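A.B. asks: For reference, this is input33.csv, and it has CSV, C-alpha atoms.
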```
chain,number,residue,atom,x,y,z
A,236,MET,CA,2.7,-8.2,22.1
A,237,SER,CA,5.8,-7.3,24.0
A,238,GLU,CA,8.8,-6.0,22.1
A,239,LYS,CA,11.0,-9.0,23.2
A,240,ILE,CA,8.5,-11.5,21.8
A,241,VAL,CA,8.3,-9.7,18.5
A,242,ARG,CA,12.1,-9.6,18.3
A,243,ALA,CA,12.4,-13.3,19.1
A,244,ILE,CA,9.8,-14.2,16.4
A,245,LEU,CA,11.6,-12.0,13.8
A,246,ARG,CA,14.8,-13.8,14.5
A,247,VAL,CA,13.4,-17.3,14.6
A,248,ILE,CA,11.6,-17.2,11.3
A,249,PRO,CA,14.8,-17.0,9.0
A,250,THR,CA,16.4,-19.8,11.0
A,251,PHE,CA,13.2,-21.9,10.7
A,252,LEU,CA,13.1,-21.2,6.9
A,253,LEU,CA,16.7,-22.4,6.5
A,254,ILE,CA,16.3,-25.5,8.7
A,255,THR,CA,13.1,-26.4,6.8
A,256,CYS,CA,15.0,-26.1,3.5
A,257,ILE,CA,17.8,-28.4,4.8
A,258,VAL,CA,15.3,-30.9,6.1
A,259,ALA,CA,13.4,-30.7,2.8
A,260,ALA,CA,16.6,-31.4,0.8
A,261,PHE,CA,17.2,-34.7,2.7
A,262,ALA,CA,13.5,-35.6,2.6
A,263,VAL,CA,13.2,-35.2,-1.1
A,264,GLN,CA,16.1,-37.5,-1.6
A,265,ASP,CA,14.6,-40.2,0.7
A,266,TRP,CA,17.1,-39.3,3.5
A,267,ASN,CA,20.0,-40.5,1.3
A,268,VAL,CA,22.8,-38.3,2.7
A,269,GLU,CA,25.3,-39.0,-0.2
A,270,ARG,CA,22.8,-38.2,-2.9
A,271,THR,CA,21.6,-35.1,-1.1
A,272,ILE,CA,25.1,-33.7,-0.7
A,273,PHE,CA,26.7,-34.8,-3.9
A,274,GLY,CA,23.7,-35.3,-6.3
A,275,GLU,CA,22.9,-38.2,-8.4
A,276,GLU,CA,26.0,-38.0,-10.6
A,277,ASP,CA,29.4,-38.8,-9.3
A,278,PRO,CA,31.1,-35.3,-9.2
A,279,LEU,CA,34.6,-36.7,-9.9
A,280,LYS,CA,33.4,-38.6,-12.9
A,281,LYS,CA,31.5,-35.6,-14.2
A,282,ALA,CA,34.5,-33.3,-13.6
A,283,GLY,CA,36.7,-35.8,-15.5
A,284,GLU,CA,34.4,-35.6,-18.4
A,285,LEU,CA,34.3,-31.9,-18.4
A,286,LEU,CA,37.9,-31.0,-17.8
A,287,PRO,CA,39.5,-31.7,-21.1
A,288,PHE,CA,43.1,-30.9,-21.1
A,289,GLU,CA,44.4,-34.1,-19.7
A,290,SER,CA,42.7,-36.1,-22.5
A,291,VAL,CA,44.2,-33.7,-25.1
A,292,ALA,CA,47.6,-34.5,-23.7
A,293,GLU,CA,47.0,-38.2,-23.8
A,294,THR,CA,45.5,-38.3,-27.3
A,295,GLU,CA,47.7,-38.7,-30.4
A,296,LEU,CA,46.5,-35.5,-32.1
A,297,LEU,CA,48.3,-36.1,-35.3
A,298,GLU,CA,48.1,-39.3,-37.3
A,299,ASP,CA,49.0,-40.5,-40.8
A,300,VAL,CA,51.8,-37.9,-41.0
A,301,ASN,CA,53.3,-37.7,-44.4
A,302,LEU,CA,56.1,-35.5,-45.8
A,303,LYS,CA,56.6,-35.6,-49.6
A,304,PHE,CA,57.4,-33.6,-52.7
A,305,SER,CA,54.8,-32.7,-55.3
A,306,GLU,CA,54.9,-34.7,-58.5
A,307,ASP,CA,57.0,-32.0,-60.3
A,308,ARG,CA,59.2,-31.8,-57.2
A,309,SER,CA,58.6,-28.0,-57.0
A,310,LYS,CA,56.8,-28.1,-53.7
A,311,LEU,CA,57.3,-29.6,-50.3
A,312,ILE,CA,54.1,-31.0,-48.9
A,313,PHE,CA,53.3,-32.0,-45.3
A,314,GLU,CA,50.0,-33.9,-44.7
A,315,ALA,CA,48.5,-35.2,-41.5
A,316,VAL,CA,45.2,-36.0,-40.0
A,317,LEU,CA,44.3,-34.2,-36.8
A,318,ASN,CA,42.0,-36.1,-34.5
A,319,TRP,CA,40.1,-33.9,-32.0
A,320,PRO,CA,38.8,-35.9,-29.0
A,321,LEU,CA,36.8,-33.2,-27.3
A,322,ASN,CA,33.1,-32.4,-27.7
A,323,VAL,CA,33.8,-28.8,-28.6
A,324,PRO,CA,34.8,-27.3,-31.9
A,325,LEU,CA,38.4,-26.3,-32.5
A,326,THR,CA,40.3,-23.8,-34.6
A,327,ILE,CA,43.9,-24.3,-35.6
A,328,LYS,CA,45.2,-20.8,-35.6
A,329,GLU,CA,48.7,-21.6,-36.5
A,330,MET,CA,50.7,-24.7,-37.4
A,331,SER,CA,54.3,-24.6,-38.4
A,332,ALA,CA,57.4,-26.9,-38.6
A,333,GLU,CA,61.0,-26.8,-39.7
A,334,VAL,CA,62.1,-29.3,-42.3
A,335,LEU,CA,65.8,-30.2,-42.8
A,336,LEU,CA,66.7,-30.4,-46.4
A,337,ASP,CA,70.3,-31.4,-47.0
A,338,GLY,CA,71.4,-29.4,-44.0
A,339,ASN,CA,69.2,-26.4,-44.8
A,340,VAL,CA,66.2,-25.5,-42.6
A,341,VAL,CA,63.0,-24.8,-44.4
A,342,ASN,CA,59.9,-23.5,-42.6
A,343,ILE,CA,56.5,-24.7,-43.5
A,344,SER,CA,53.2,-23.5,-42.1
A,345,LEU,CA,49.4,-23.7,-42.6
A,346,PRO,CA,48.3,-21.1,-45.1
A,347,SER,CA,45.1,-20.2,-43.1
A,348,GLU,CA,43.2,-21.1,-40.0
A,349,VAL,CA,41.4,-24.5,-40.0
A,350,ASP,CA,38.2,-25.2,-38.2
A,351,ILE,CA,37.6,-28.7,-36.9
A,352,PRO,CA,34.2,-29.8,-35.6
A,353,ALA,CA,33.6,-31.3,-32.1
A,354,LYS,CA,35.1,-34.8,-31.9
A,355,GLY,CA,36.1,-34.5,-35.6
A,356,SER,CA,39.1,-35.1,-37.7
A,357,GLU,CA,40.5,-33.0,-40.5
A,358,ARG,CA,43.3,-33.5,-43.0
A,359,LEU,CA,45.9,-30.8,-42.7
A,360,LYS,CA,48.1,-29.7,-45.5
A,361,MET,CA,51.1,-27.5,-45.4
A,362,GLU,CA,53.0,-26.6,-48.6
A,363,ARG,CA,56.0,-24.7,-49.5
A,364,SER,CA,57.5,-24.0,-52.9
A,365,LEU,CA,61.1,-25.0,-53.3
A,366,ALA,CA,63.9,-23.7,-55.4
A,367,GLU,CA,65.5,-26.4,-57.6
A,368,ALA,CA,68.7,-26.4,-55.5
A,369,GLU,CA,66.8,-27.1,-52.3
A,370,VAL,CA,65.2,-30.4,-53.5
A,371,PRO,CA,67.0,-33.4,-52.1
A,372,THR,CA,66.6,-36.9,-53.4
A,373,GLU,CA,64.9,-38.4,-50.3
A,374,ILE,CA,62.8,-37.1,-47.6
A,375,SER,CA,60.9,-38.5,-44.6
A,376,THR,CA,59.1,-37.4,-41.5
A,377,GLN,CA,62.5,-37.7,-39.6
A,378,ASN,CA,63.4,-34.4,-41.3
A,379,ILE,CA,60.7,-32.5,-39.4
A,380,ARG,CA,61.5,-30.7,-36.2
A,381,ASN,CA,60.2,-28.0,-33.9
A,382,MET,CA,56.6,-28.6,-34.9
A,383,LYS,CA,54.2,-26.1,-33.2
A,384,MET,CA,50.5,-25.7,-33.1
A,385,ILE,CA,48.3,-23.0,-31.7
A,386,LEU,CA,44.8,-24.2,-31.0
A,387,ASP,CA,41.8,-22.1,-30.1
A,388,ILE,CA,39.1,-23.8,-28.1
A,389,ARG,CA,36.3,-21.3,-27.6
A,390,GLY,CA,38.8,-18.5,-26.8
A,391,ILE,CA,41.2,-20.7,-24.8
A,392,GLU,CA,44.5,-20.8,-26.5
A,393,LEU,CA,46.5,-24.0,-26.3
A,394,GLU,CA,50.0,-24.0,-27.7
A,395,ILE,CA,51.4,-27.4,-28.2
A,396,GLY,CA,55.1,-28.0,-29.0
A,397,GLU,CA,56.6,-31.1,-30.7
A,398,SER,CA,56.6,-33.3,-27.6
A,399,GLY,CA,53.0,-32.4,-27.0
A,400,LEU,CA,51.9,-33.9,-30.3
A,401,GLY,CA,52.2,-37.4,-29.1
A,402,GLY,CA,55.8,-38.0,-30.1
A,403,ILE,CA,54.7,-39.2,-33.6
A,404,ILE,CA,57.2,-37.1,-35.5
B,429,MET,CA,-14.0,19.5,8.8
B,430,PRO,CA,-12.8,19.5,5.1
B,431,GLU,CA,-9.8,21.6,6.2
B,432,GLU,CA,-8.8,18.9,8.8
B,433,ILE,CA,-8.8,16.2,6.1
B,434,THR,CA,-6.6,18.2,3.8
B,435,LYS,CA,-4.2,18.8,6.7
B,436,GLN,CA,-4.0,15.1,7.6
B,437,LYS,CA,-3.4,13.7,4.1
B,438,PRO,CA,0.0,15.0,3.4
B,439,GLU,CA,1.1,14.1,6.9
B,440,VAL,CA,0.1,10.4,6.3
B,441,TRP,CA,2.3,10.3,3.2
B,442,ARG,CA,5.1,12.0,5.1
B,443,ARG,CA,5.0,9.3,7.7
B,444,ILE,CA,5.8,6.5,5.3
B,445,ASN,CA,9.4,5.6,5.4
B,446,TRP,CA,10.0,5.9,1.6
B,447,PRO,CA,13.6,4.8,1.4
B,448,GLY,CA,12.5,1.7,3.4
B,449,ALA,CA,9.5,1.0,1.2
B,450,ILE,CA,11.7,1.3,-2.0
B,451,ALA,CA,14.4,-0.9,-0.4
B,452,GLY,CA,11.8,-3.4,0.6
B,453,VAL,CA,10.4,-3.7,-2.9
B,454,LEU,CA,13.9,-4.0,-4.4
B,455,THR,CA,14.9,-6.6,-1.8
B,456,ILE,CA,11.8,-8.7,-2.5
B,457,ALA,CA,12.6,-8.6,-6.2
B,458,LEU,CA,16.3,-9.3,-5.8
B,459,PRO,CA,16.2,-13.1,-5.7
B,460,PHE,CA,14.4,-13.1,-9.0
B,461,MET,CA,16.8,-10.7,-10.8
B,462,GLY,CA,19.4,-13.3,-11.7
B,463,THR,CA,23.1,-13.5,-11.2
B,464,TRP,CA,25.2,-10.9,-9.4
B,465,TRP,CA,28.6,-11.7,-10.9
B,466,ARG,CA,29.6,-13.4,-14.1
B,467,LEU,CA,32.9,-15.0,-14.9
B,468,THR,CA,33.8,-16.2,-18.3
B,469,LEU,CA,36.9,-18.2,-19.3
B,470,GLY,CA,37.7,-17.9,-23.0
B,471,MET,CA,34.9,-16.9,-25.3
B,472,ASP,CA,32.3,-19.0,-23.6
B,473,ALA,CA,34.3,-22.2,-22.7
B,474,VAL,CA,33.5,-21.9,-19.0
B,475,ILE,CA,30.8,-19.6,-17.7
B,476,MET,CA,30.1,-19.1,-14.0
B,477,GLU,CA,27.1,-17.1,-12.9
B,478,ILE,CA,27.2,-16.5,-9.2
B,479,SER,CA,24.8,-14.8,-6.7
B,480,PRO,CA,24.0,-15.6,-3.1
B,481,PHE,CA,20.9,-17.3,-4.5
B,482,GLY,CA,22.6,-19.8,-6.8
B,483,VAL,CA,25.6,-20.8,-8.8
B,484,ASP,CA,25.2,-21.7,-12.5
B,485,MET,CA,28.2,-23.2,-14.3
B,486,SER,CA,28.7,-24.5,-17.7
B,487,PHE,CA,31.8,-26.2,-19.1
B,488,PHE,CA,32.0,-26.2,-22.9
B,489,GLY,CA,28.3,-25.8,-23.2
B,490,GLU,CA,27.5,-28.6,-20.6
B,491,GLU,CA,25.7,-27.7,-17.4
B,492,ALA,CA,27.8,-28.5,-14.4
B,493,ILE,CA,26.8,-30.2,-11.2
B,494,SER,CA,24.3,-28.7,-8.8
B,495,THR,CA,23.7,-30.7,-5.7
B,496,PRO,CA,20.2,-30.9,-4.1
B,497,LEU,CA,21.4,-29.7,-0.7
B,498,PHE,CA,23.0,-26.6,-2.3
B,499,TRP,CA,19.8,-25.9,-4.3
B,500,TRP,CA,17.7,-26.1,-1.2
B,501,LEU,CA,20.1,-23.9,0.8
B,502,CYS,CA,19.9,-21.3,-2.0
B,503,LEU,CA,16.1,-21.5,-1.9
B,504,GLY,CA,16.3,-21.0,1.9
B,505,LEU,CA,18.4,-17.9,1.3
B,506,LYS,CA,16.0,-16.6,-1.3
B,507,LEU,CA,13.1,-17.0,1.1
B,508,GLY,CA,15.1,-15.3,3.8
B,509,VAL,CA,15.8,-12.3,1.6
B,510,VAL,CA,12.2,-12.1,0.5
B,511,TYR,CA,11.2,-12.2,4.2
B,512,LEU,CA,13.6,-9.3,5.0
B,513,GLY,CA,12.1,-7.3,2.1
B,514,VAL,CA,8.6,-7.9,3.2
B,515,LEU,CA,9.5,-6.8,6.8
B,516,LEU,CA,11.2,-3.7,5.5
B,517,LEU,CA,8.3,-2.8,3.3
B,518,VAL,CA,5.6,-3.6,5.9
B,519,GLY,CA,7.6,-1.7,8.6
B,520,SER,CA,8.1,1.3,6.4
B,521,ILE,CA,4.4,1.5,5.6
B,522,LEU,CA,3.1,0.6,9.1
B,523,SER,CA,4.8,3.7,10.5
B,524,ILE,CA,1.8,5.7,9.3
B,525,SER,CA,-0.2,4.1,12.1
B,526,ASP,CA,0.4,5.5,15.6
B,527,ARG,CA,-0.7,2.2,17.1
B,528,ARG,CA,1.8,0.1,15.0
B,529,ALA,CA,4.7,2.6,15.1
B,530,ALA,CA,6.6,0.6,17.7
B,531,ILE,CA,6.3,-2.7,15.8
B,532,ALA,CA,7.1,-0.9,12.5
B,533,GLU,CA,10.3,0.4,14.0
B,534,GLN,CA,11.2,-3.1,15.1
B,535,PHE,CA,10.6,-4.5,11.6
B,536,VAL,CA,12.7,-1.8,10.0
B,537,ARG,CA,15.5,-2.1,12.6
B,538,PHE,CA,15.6,-5.9,12.2
B,539,SER,CA,15.7,-5.9,8.4
B,540,ALA,CA,17.4,-2.7,7.3
B,541,ARG,CA,21.0,-3.8,7.6
B,542,LYS,CA,20.8,-7.5,6.8
B,543,LEU,CA,21.0,-7.0,3.0
B,544,LEU,CA,24.2,-4.9,3.4
B,545,TRP,CA,25.8,-7.8,5.3
B,546,LEU,CA,24.8,-10.1,2.5
B,547,VAL,CA,26.3,-7.8,-0.2
B,548,VAL,CA,29.5,-7.3,1.9
B,549,ALA,CA,29.8,-11.0,2.6
B,550,PHE,CA,29.4,-11.8,-1.2
B,551,VAL,CA,32.1,-9.3,-2.2
B,552,VAL,CA,34.5,-10.4,0.6
B,553,LEU,CA,34.0,-14.0,-0.4
B,554,LEU,CA,34.8,-13.3,-4.1
B,555,LEU,CA,37.8,-11.2,-3.1
B,556,ILE,CA,39.1,-14.1,-0.9
B,557,VAL,CA,38.7,-16.6,-3.7
B,558,ILE,CA,40.4,-14.3,-6.2
B,559,THR,CA,43.2,-13.7,-3.8
B,560,LEU,CA,43.7,-17.4,-3.2
B,561,VAL,CA,43.6,-18.2,-6.9
B,562,ASN,CA,46.2,-15.4,-7.6
B,563,GLN,CA,48.5,-16.2,-4.7
B,564,LEU,CA,48.4,-20.0,-4.7
B,565,PRO,CA,49.4,-21.3,-8.1
B,566,GLY,CA,49.3,-24.8,-6.7
B,567,ILE,CA,45.5,-24.7,-6.9
B,568,PHE,CA,45.8,-25.3,-10.7
B,569,SER,CA,48.6,-27.8,-10.6
B,570,SER,CA,48.6,-31.4,-11.5
B,571,PHE,CA,50.8,-34.0,-13.1
B,572,ILE,CA,50.2,-35.0,-16.8
B,573,GLY,CA,52.1,-38.2,-17.1
B,574,ASP,CA,55.6,-37.3,-15.7
B,575,SER,CA,55.3,-33.6,-16.4
B,576,PHE,CA,54.2,-31.0,-13.9
B,577,PHE,CA,51.4,-28.9,-15.2
B,578,GLN,CA,51.0,-25.5,-13.5
B,579,LEU,CA,48.9,-22.5,-14.2
B,580,GLN,CA,49.4,-18.9,-12.9
B,581,SER,CA,46.5,-16.6,-12.7
B,582,ASP,CA,46.3,-12.8,-12.8
B,583,LEU,CA,42.7,-11.9,-12.0
B,584,PRO,CA,41.6,-8.3,-11.3
B,585,TYR,CA,40.7,-7.6,-7.6
B,586,TYR,CA,38.0,-5.1,-8.5
B,587,LEU,CA,35.7,-8.0,-9.6
B,588,SER,CA,35.1,-6.5,-13.1
B,589,GLY,CA,37.4,-6.5,-16.0
B,590,GLU,CA,39.8,-8.8,-17.7
B,591,GLY,CA,42.6,-11.1,-16.5
B,592,THR,CA,44.4,-14.2,-17.6
B,593,ILE,CA,45.2,-17.7,-16.5
B,594,SER,CA,48.3,-19.0,-18.2
B,595,GLY,CA,50.9,-21.7,-17.8
B,596,GLY,CA,51.7,-25.2,-18.9
B,597,ALA,CA,53.9,-28.1,-18.7
B,598,GLU,CA,57.4,-27.8,-20.2
B,599,GLY,CA,58.0,-31.5,-20.4
B,600,VAL,CA,54.8,-32.1,-22.4
B,601,GLY,CA,55.5,-29.0,-24.6
B,602,MET,CA,52.1,-27.4,-23.8
B,603,HIS,CA,51.2,-23.9,-23.0
B,604,LEU,CA,47.8,-22.7,-22.1
B,605,THR,CA,46.4,-19.1,-22.2
B,606,ILE,CA,42.9,-18.5,-20.8
B,607,PRO,CA,41.5,-15.0,-21.0
B,608,VAL,CA,39.2,-14.3,-18.1
B,609,PHE,CA,36.4,-11.9,-18.1
B,610,MET,CA,34.6,-10.8,-14.9
B,611,LYS,CA,31.5,-8.6,-14.7
B,612,LEU,CA,29.3,-7.4,-11.9
B,613,THR,CA,25.8,-7.3,-13.2
B,614,ARG,CA,22.8,-5.0,-12.9
B,615,ALA,CA,21.3,-7.2,-10.2
B,616,PHE,CA,24.4,-6.5,-8.1
B,617,ALA,CA,23.9,-2.8,-8.6
B,618,VAL,CA,20.3,-3.2,-7.5
B,619,ALA,CA,21.5,-5.1,-4.4
B,620,VAL,CA,23.9,-2.3,-3.5
B,621,LEU,CA,21.1,0.2,-4.0
B,622,ALA,CA,18.7,-1.8,-1.9
B,623,ALA,CA,21.3,-2.2,0.8
B,624,THR,CA,22.1,1.5,0.8
B,625,LEU,CA,18.5,2.5,0.9
B,626,GLY,CA,18.1,0.0,3.8
B,627,ILE,CA,20.7,1.8,5.8
B,628,VAL,CA,19.1,5.2,4.9
B,629,SER,CA,15.7,3.8,6.0
B,630,ARG,CA,17.0,2.9,9.4
B,631,VAL,CA,18.0,6.6,10.0
B,632,TYR,CA,14.8,7.8,8.3
B,633,GLN,CA,12.6,5.6,10.5
B,634,LYS,CA,13.7,7.5,13.5
B,635,ARG,CA,12.7,10.8,11.8
B,636,VAL,CA,9.4,9.3,10.7
B,637,SER,CA,8.5,8.0,14.2
B,638,ILE,CA,8.8,11.4,15.8
B,639,LEU,CA,6.4,13.0,13.3
```
Re-express the file's structure as structure tokens.
C.D. replies:
Amino acid sequence: MSEKIVRAILRVIPTFLLITCIVAAFAVQDWNVERTIFGEEDPLKKAGELLPFESVAETELLEDVNLKFSEDRSKLIFEAVLNWPLNVPLTIKEMSAEVLLDGNVVNISLPSEVDIPAKGSERLKMERSLAEAEVPTEISTQNIRNMKMILDIRGIELEIGESGLGGII
Amino acid sequence: MPEEITKQKPEVWRRINWPGAIAGVLTIALPFMGTWWRLTLGMDAVIMEISPFGVDMSFFGEEAISTPLFWWLCLGLKLGVVYLGVLLLVGSILSISDRRAAIAEQFVRFSARKLLWLVVAFVVLLLIVITLVNQLPGIFSSFIGDSFFQLQSDLPYYLSGEGTISGGAEGVGMHLTIPVFMKLTRAFAVAVLAATLGIVSRVYQKRVSIL
């Protein structure tokens, strides 16, 4: 066999393999071009399901927010239910807020990290002991400001400020 | 007569293109050795495993889309690389035969450098993607409600190591920090080794053919 023919055959075989695979891809999908190129699932729909941050922004993360004193009025207690809309577990690494008490600012924060299961809810509780002089007669969620949360979603850290919490406070 | 046989035997072994034979075996094995490069966002939030023979992605534990056409193209590339490996192996061994020396040289000449181009193309493509992602922050921008959400990435150009993607939307009061981990795998090291041996085999083949 001449050198030229061998060289031509060597070059044709990879091209033939590639073309065969492309033809096979279409043949297996009954020559449906759209299904062959994009697959059976709508990629935009699938991407929308998988990319979560927009849905986090649209969800009211905190509900049933309550700010009150303990029965003996020695503690300031913040309670809320956190609704987690995504199908992955979440850890609340930090959560803090400032509470205005008769013109004074008191900081409250979560005592420890809180784990929330995928698509789960968890009641969060922040407490702070108060000196007698600090205790006002009335209090409401209107006194809360600068609320911040740091969430850990499988190593991705999401810091949400007050306006990112759905404007519920 | 026995003296003649003992003289010929080592010569036969010397006429095998050993770098080519080893490169051929490694090249044949390469498509079955798994991913060449692994990218992880967060702990395991997003995992991308990339090689010229396929891309596997998972988002929060869910497998991402793989289209039939892409799958078949990857299969074509796998077969193509196995074909190159077989040619390199056969060419390297055939050089022991005087009658087949010419065709052996053609096999080696045809297949020896191709894997290097594949490795180079793979690295260049990754570098282009990393450069684009680092230089064009608009890639990760979108509107969330009325607020503009933008991420800035700082990914290492040497394809292995740690980087970050961070940013957020001021109006929404959101800030995101995504640690990024990149790693070139052992399969990539094998590919580099096979490609290097392929180049060596091309030079070696000339030496073998004049024996």
A.B. asks: Check every residue of chain A for an atom within 6 Å of chain B, counting all atoms listed in the file, and provide those that qualify as a list of chain:residue names.
C.D. replies: A:Pro249, A:Leu252, A:Leu253, A:Cys256, A:Ala260, A:Thr271, A:Ile272, A:Phe273, A:Gly274, A:Arg389, A:Gly390, A:Ile391, A:Glu392, A:Leu393, A:Glu394, A:Ile395, A:Gly396, A:Ser398, A:Gly399
A.B. asks: Hey, what's within 8 Å of A:Ile351 if we count only C-alpha atoms and toss same-chain stuff fewer than 6 positions away? As a list of chain:residue names, please?
C.D. replies: A:Trp319, A:Pro324, A:Leu325, A:Thr326, A:Ile327, A:Glu357
A.B. asks: Take the point (44.6, -10.6, -14.8) as written in the file and pick out every residue within 9 Å of it, counting all atoms listed in the file; give the list as a count of residues only.
C.D. replies: 14
A.B. asks: Within 10 Å of B:Thr463, counting only C-alpha atoms, which residues qualify if same-chain residues fewer than 6 places away don't, as an MDAnalysis selection string?
C.D. replies: chainID B and resid 476:484 612:616
A.B. asks: Which residue out of A:Leu386, A:Pro371, A:Leu321, A:Leu335 has the minimum interatomic distance to A:Val349 when only C-alpha atoms are used?
C.D. replies: A:Leu386
A.B. asks: Quick one: everything within 8 Å of A:Asp299, counting only C-alpha atoms, minus sequence neighbours fewer than 5 positions away in the same chain. Send it as an MDAnalysis selection string.
C.D. replies: chainID A and resid 314:316
A.B. asks: Considering only C-alpha atoms, can you say which of A:Thr255, A:Asn267, A:Thr250, A:Ser331 comes closest to A:Met384?
C.D. replies: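 Selected residue with least distance to A:Met384: A:Ser331.
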A.B. asks: Might you pull out every residue within 7 Å of stretch 452-455 of chain B, with all atoms listed in the file counted and same-chain residues fewer than 4 positions away left off, and present them as a ChimeraX atom specification?
C.D. replies: /B:448,509-510,513-514,516-517,622
A.B. asks: Please provide the set of residues having any atom within 12 Å of B:Val548, restricted to only C-alpha atoms, with same-chain residues fewer than 5 positions apart removed, written as JSON, numbers by chain.
C.D. replies: {"B": [480, 541, 542, 543, 553, 554, 555, 616, 619, 620, 623, 624]}
A.B. asks: Expressed in Å to a single decimal, how great is the separation between atom CA of A:Gly338 and atom CA of A:Ser364?
C.D. replies: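 It comes out at 17.4 Å.
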